[in-house]
Amino acid sequence: MRRNLPEAAQFIGQPVPAHPEYVIVDKLGSGCNAHVFMARADALAREIACKVIPVANLIGAEREPPTWQQEILNANRVPSNRVVKFYGTGTWPCADGDCVFLLSDLVRGSTLREYQKKSTVTIPFVLDFFMDMLDFLRELQDLSLQHGDFHSGNVLVEDKSASLVGPPYAFRVTDFGVAPLTTGAALLGDFDQLALMLRDLLTRVDYQSCAPEDRYMFDVLNDDFLAKGLLERDPAHDERARNPRLLFESLREAQRAFAVRTAGVARRTLSTPFDYLSCEQIGESHALLKELYSDKMLGLRAIEETNNLVLTGPRGCGKTTVFRSLSLKHRFYTQDDAPDSISYIGIYYRCDDLYFNFPRYALPARTEALDVPLHFVTATLVRELLEALGLWLSRRFPAAWQRDEASVARELWTVLGLKKPQQPSADSFGALQRALGQERERAAKKQRFVDDLTHTFGQYFGPGVLPAVCSTLAQQLSPLAGRPIFFFFDDYSTPKISSDLQRTLNRLLMQRSAACFFKLATESPASYESSDVDTKSYVEGREFRLINLGIDFINAESDDKLRFVDDVFNRRFRYTKDYPVSSLESLVGDEPTAVPHNETARSLRDGRHPKIWGRRALGELCSGDVHFLIELVGKMVASAGGPDSLRGGAEVPAVSPEAQNKAIRAEAGNFLRNLRALPTGQALVEIVEAFGSVASSYLRFRDSKNETSSPPHQASRIEPYEDPHLTGKAKEVYDDLLRYSVFIEDVRGKSRRGNVVPRLYLRRFLIPFFNLTFSRRDSLELSVDDFKDLLLDPKVFEGRKRLKSDRGERSEPQSAGSAAPSEQLSLGLVDPPKE
C-alpha cells in the first residue's frame, strides 16, 4: 500500500530544489514509500536519478538533526562502486506535505527482479551475482553496516552489452539504508535476503539443459549454500555462518573441485572419507545417500513407530539423513522399494521451502487469513504424496494403478474442493499435482496481503483436508492397505520457522489419525512450539513422542555405539578410491582393554591426564553428532600429515594416540571459541566453564557416595532437585544452551522427590576438555536457586560451589578480571596439561 505519496505528475518538468540545472523529465517507478524520477541537465549533458520520499514516511524525521541523512549517506562509506552513491539531498516543498529528495547516478538497466522475468538465467550469471554479493556483504561487515532492505528490487543489473571487455552486465546495489527509515516492520537480515534472491534465481534456471559443470554448481548452490550456508547462524556448527569471506572461499573451492567430482550423477567414490559432512551437501544424489546412510543409527526403530514424533538432537546428528532415507521417493530412486520392504509411505519435506515463502511470519490481524500457510503446506504435501505414489504404484502395482488412478483422482478433486479443469486428462494424479502447484503459488502470493483490510480472501485448506486426502487414498488404493503415511518434516525449528508459524501449522501437524502421522525434526526441545493458535497445548506422550538422539546415544551401550560409528566410517572408507586405510580401527586403533572410569578419575585426581584416543573414545565423545566425529577424524588425519603420511605403513593405529588426543582437546576449544562468537555466546561459554570448573573440583576433592570403594565424584550432568519453572532471562539462556547443544536435555530425569525433572548432560566432546570422565553415575545436584545462579551469574555460582580442598571448602568468587583455568585454556592463554 502506498502511503502519503503525492501525485507524480506534479514533479514532471520541475527543477530540483537547490539544483536548478537538473529538471525532472520522466518517472522511472514508484514504490510504497517513494517515487523515482529521471532528472536531466542539458547544459551538462547528464542524466541522474532523483528519489522523492514524503517526510511523513521517514521514521525519526522530527528529530534534530534528522537521523535519516546519516543513515542514507552510509552508502557513500562503501568503497566499491557497486553501491549507488548519493551526492545530493534536500527538502522538496509540496502542497500536501514536504518531501525529501536524494540524487544519485542513473544506472542503465533493470532491477534483478525485472531482469529474471524477461531474460534467460544461467548458472554463470547466478555465480557472478552470488560472488559479487558475497563481496558486497564483506564490505558491509568491514564497516559494521547493514543494507537493511536487500532484495531483488534494490539490486540493479546494469546493461553493459556494448562493452568490448568483461561481462555484458554489472550488479549495482541501491536504496542503501532507506527501508529501515521508512517502515517500522521487522526486516530480514542481509544474509537471509541474499538467500531469497539466490532461491528465486535458481528456480529460473533450466537444470536439464545445463552443462555438467553448471549442473554440479547448481547442486552446490542449492543443496549447500541455499539449504545451509547462507541461513546458518551458528559458527560452532558451520564456521561459514554469517562469514562472507569463508562462504566465498567455500564457493571457489567447490568450483575447483568439479574436476574430481562427477556432476549431476551419483558417484560411486568419494574424494576423501571426510567429504559431505552434512546430508544437504549430498543434494539429490540418492545413490550416494544410500551408500553413506547407516541403518544402524540409534533411535531408528522409534522413528519408524506409528506415532506423531518430535525428533531432536545436536546439529549434525543425522536427522536429515534418516528422514530423507526413509522417504518413498528416495527408496524408489535407489531400487529399494519392493512392496514387502515398504511398511509405510514416507514423504520428505524440508522447511527451507516454508521459510522462503513465509519468512518471519507473524499472526495476521485478520482471522480469515490464518489458513493461508496451512493451505500452502497442505497443497505442497499432497502434491509430494501424489508424485511419490505415482512413481511407486506404476512400477510395483501397474495393473492396480492403471485401473484405479482415474477414479481416485475424481474423488480427490471433491475432497480438495478444487475446480477440475475441463480436459480429458483431468482425472489423473498429474493434473492434481499441477493444480496443487498453482494453489501453493496462490497462498504464497496471498500472504503479502494478510494485513491489508481492503483485500478479499477466498477459501483455503483447513487442518482437516490433508488427513481426509490420506484417508481417501488408503480406502481407494488397495496397495496402501495397512501402510500409513508418514510426513517427515525436516528442520521445523525456531527462529527460522517462527513460533507464530508453528502455532498456526500445529493444528495440522499434531493431529492424530489412523491414515497419516507427522514426524517433525527440530534443533532442540526449545526450538519447537508445543501449542497452537487456538491455545491448545500439546503434551509429550499424548499428542506426540519426543526423541532426543543425543540422549539416546549417551545412554546407549558401548557396543551399540561402536557398531554405528564403525558402520558410518567404514562405508566412507569403502567408497573412497585408493584410500590408504580401509577401516576406522586401522586408522585410530583402540586401547587393548577399556580403562574403568574410576581409574581414569583417580589419575585425574593425581594430576595425570590420560590420553583420549581410539574407537571406543570416539564412541564416548559422540552425543549423536556424527558430523562432529567425521570432521574430527578428518582433522586427526590432517594433523598427522594427510593421507600420504598413512601410506606404506602397517602400524595400527595409523594416526598416533598423541595426535588423536591433541586433536580431540583442540576441537573442544574450537567449539567454545565459535560459541563465544554468537550474540549470546559469551554468557553460554561462562556457564559451561563454571559447570566444568565446579564438576572438576568435585572430582578432585569429593568422593562418590554411590559405591563402597569411594571413587572420585564424576559428574558430567546437572540434576536439579526440582523443576525450576524458569521464566524471563533465565529461560532464554536455558533455551540457548539447548539450541546450541552445549548441554543436552534428558526430559525423563527424576528429582529427589520423585517428580520428572529434566537433567542436562554436558556435550560429550567437552568432557576431556574440563578433565572429567565419561561416567554417568554421578550428577551435579543443584537447588533451584543454585541452578538459576548458574544461568544468570555463573561466576558467582562457580565461586560459591567450587571446592578447593577435600574438606569441602569453597573457593572465593572470582573477580571480573580473573579467569578460570578452563577459560584460559579455551582462549589459548596457557598450555594444555602435559601428558
# chains A, B, ... in the order shown; residues from 1 in each chain; ligands from 1

$ residues_around --residues "A:Val533" --least-positions-apart "6" --cutoff "10 Å" --atoms "only C-alpha atoms" --output "PyMOL selection string"
chain A and resi 363+370+500-507

$ write_last_selection --atoms "C-alpha atoms" --output "tab-separated table (two decimals), in the first residue's frame"
chain	number	residue	atom	x	y	z
A	363	LEU	CA	-0.03	-13.97	13.13
A	370	LEU	CA	-4.89	-17.80	9.39
A	500	ASP	CA	3.60	-18.00	15.27
A	501	LEU	CA	4.00	-20.09	12.12
A	502	GLN	CA	4.46	-23.27	14.16
A	503	ARG	CA	1.39	-22.45	16.25
A	504	THR	CA	-0.58	-21.99	13.03
A	505	LEU	CA	0.60	-25.25	11.46
A	506	ASN	CA	0.41	-27.35	14.63
A	507	ARG	CA	-3.35	-27.51	14.13

$ select_by_dssp --residues "stretch 13-241 of chain A" --states "helix (DSSP H, G or I)" --output "PyMOL selection string"
chain A and resi 55-57+67-77+112-118+123-142+179-182+190-203+207-209+212-229

$ residues_around --residues "A:Gly318" --least-positions-apart "3" --cutoff "7 Å" --atoms "only C-alpha atoms" --output "ChimeraX atom specification"
/A:321-322,626

$ write_last_selection --atoms "N, CA, C and O atoms" --output "mmCIF file, in the first residue's frame"
data_model
loop_
_atom_site.group_PDB
_atom_site.id
_atom_site.type_symbol
_atom_site.label_atom_id
_atom_site.label_comp_id
_atom_site.auth_asym_id
_atom_site.auth_seq_id
_atom_site.Cartn_x
_atom_site.Cartn_y
_atom_site.Cartn_z
ATOM 1 N N THR A 321 19.444 -36.910 7.348
ATOM 2 C CA THR A 321 19.837 -38.132 6.646
ATOM 3 C C THR A 321 18.804 -39.233 6.821
ATOM 4 O O THR A 321 18.392 -39.881 5.852
ATOM 5 N N VAL A 322 18.360 -39.444 8.063
ATOM 6 C CA VAL A 322 17.417 -40.539 8.289
ATOM 7 C C VAL A 322 16.052 -40.215 7.689
ATOM 8 O O VAL A 322 15.412 -41.076 7.087
ATOM 9 N N VAL A 626 27.221 -36.985 14.532
ATOM 10 C CA VAL A 626 28.109 -37.690 13.621
ATOM 11 C C VAL A 626 28.938 -36.711 12.802
ATOM 12 O O VAL A 626 30.106 -36.965 12.485
#

$ select_by_dssp --residues "stretch 346-503 of chain A" --states "strand (DSSP E or B)" --output "ChimeraX atom specification"
/A:346-350,485-490

$ write_last_selection --atoms "N, CA and C atoms" --output "compact mmCIF listing (two decimals), in the first residue's frame"
# COMPACT_ATOMS: atom_id res chain seq x y z
N GLY A 346 6.59 -42.93 3.14
CA GLY A 346 7.33 -41.79 3.71
C GLY A 346 7.41 -40.63 2.73
N ILE A 347 7.01 -39.45 3.18
CA ILE A 347 7.06 -38.23 2.35
C ILE A 347 7.96 -37.22 3.06
N TYR A 348 9.03 -36.83 2.40
CA TYR A 348 10.01 -35.90 3.00
C TYR A 348 9.73 -34.47 2.57
N TYR A 349 9.80 -33.55 3.55
CA TYR A 349 9.62 -32.12 3.26
C TYR A 349 10.61 -31.33 4.10
N ARG A 350 11.40 -30.50 3.44
CA ARG A 350 12.37 -29.66 4.16
C ARG A 350 11.80 -28.26 4.32
N ILE A 485 0.73 -43.29 6.20
CA ILE A 485 1.54 -42.27 5.53
C ILE A 485 2.27 -41.46 6.59
N PHE A 486 3.60 -41.40 6.48
CA PHE A 486 4.43 -40.62 7.40
C PHE A 486 4.92 -39.39 6.66
N PHE A 487 4.66 -38.21 7.22
CA PHE A 487 5.20 -36.96 6.67
C PHE A 487 6.41 -36.56 7.51
N PHE A 488 7.58 -36.61 6.88
CA PHE A 488 8.83 -36.26 7.56
C PHE A 488 9.12 -34.78 7.34
N PHE A 489 8.88 -33.99 8.37
CA PHE A 489 9.04 -32.53 8.31
C PHE A 489 10.42 -32.19 8.87
N ASP A 490 11.34 -31.74 8.03
CA ASP A 490 12.73 -31.53 8.45
C ASP A 490 13.02 -30.06 8.76

$ closest_residue --among "A:Cys516, A:Val377, A:Leu188, A:Ala601" --to "A:Ser710" --atoms "only C-alpha atoms"
A:Ala601

$ residues_around --residues "stretch 441-449 of chain A" --least-positions-apart "4" --cutoff "8 Å" --atoms "only C-alpha atoms" --output "number ranges by chain"
A: 357-358, 369, 372-373, 375-376, 437, 455

$ write_last_selection --atoms "C-alpha atoms" --output "compact mmCIF listing (two decimals), in the first residue's frame"
# COMPACT_ATOMS: atom_id res chain seq x y z
CA ASN A 357 7.71 -18.29 1.43
CA PHE A 358 6.78 -17.18 4.98
CA ALA A 369 -6.00 -15.23 6.78
CA VAL A 372 -3.01 -19.23 4.25
CA PRO A 373 0.20 -21.01 5.38
CA HIS A 375 -3.14 -24.05 2.59
CA PHE A 376 0.44 -23.75 1.29
CA GLY A 437 1.28 -26.29 -7.55
CA HIS A 455 -8.08 -7.26 0.31

$ atom_distance --atom1 "atom CA of A:Cys50" --atom2 "atom CA of A:Phe37"
5.1 Å
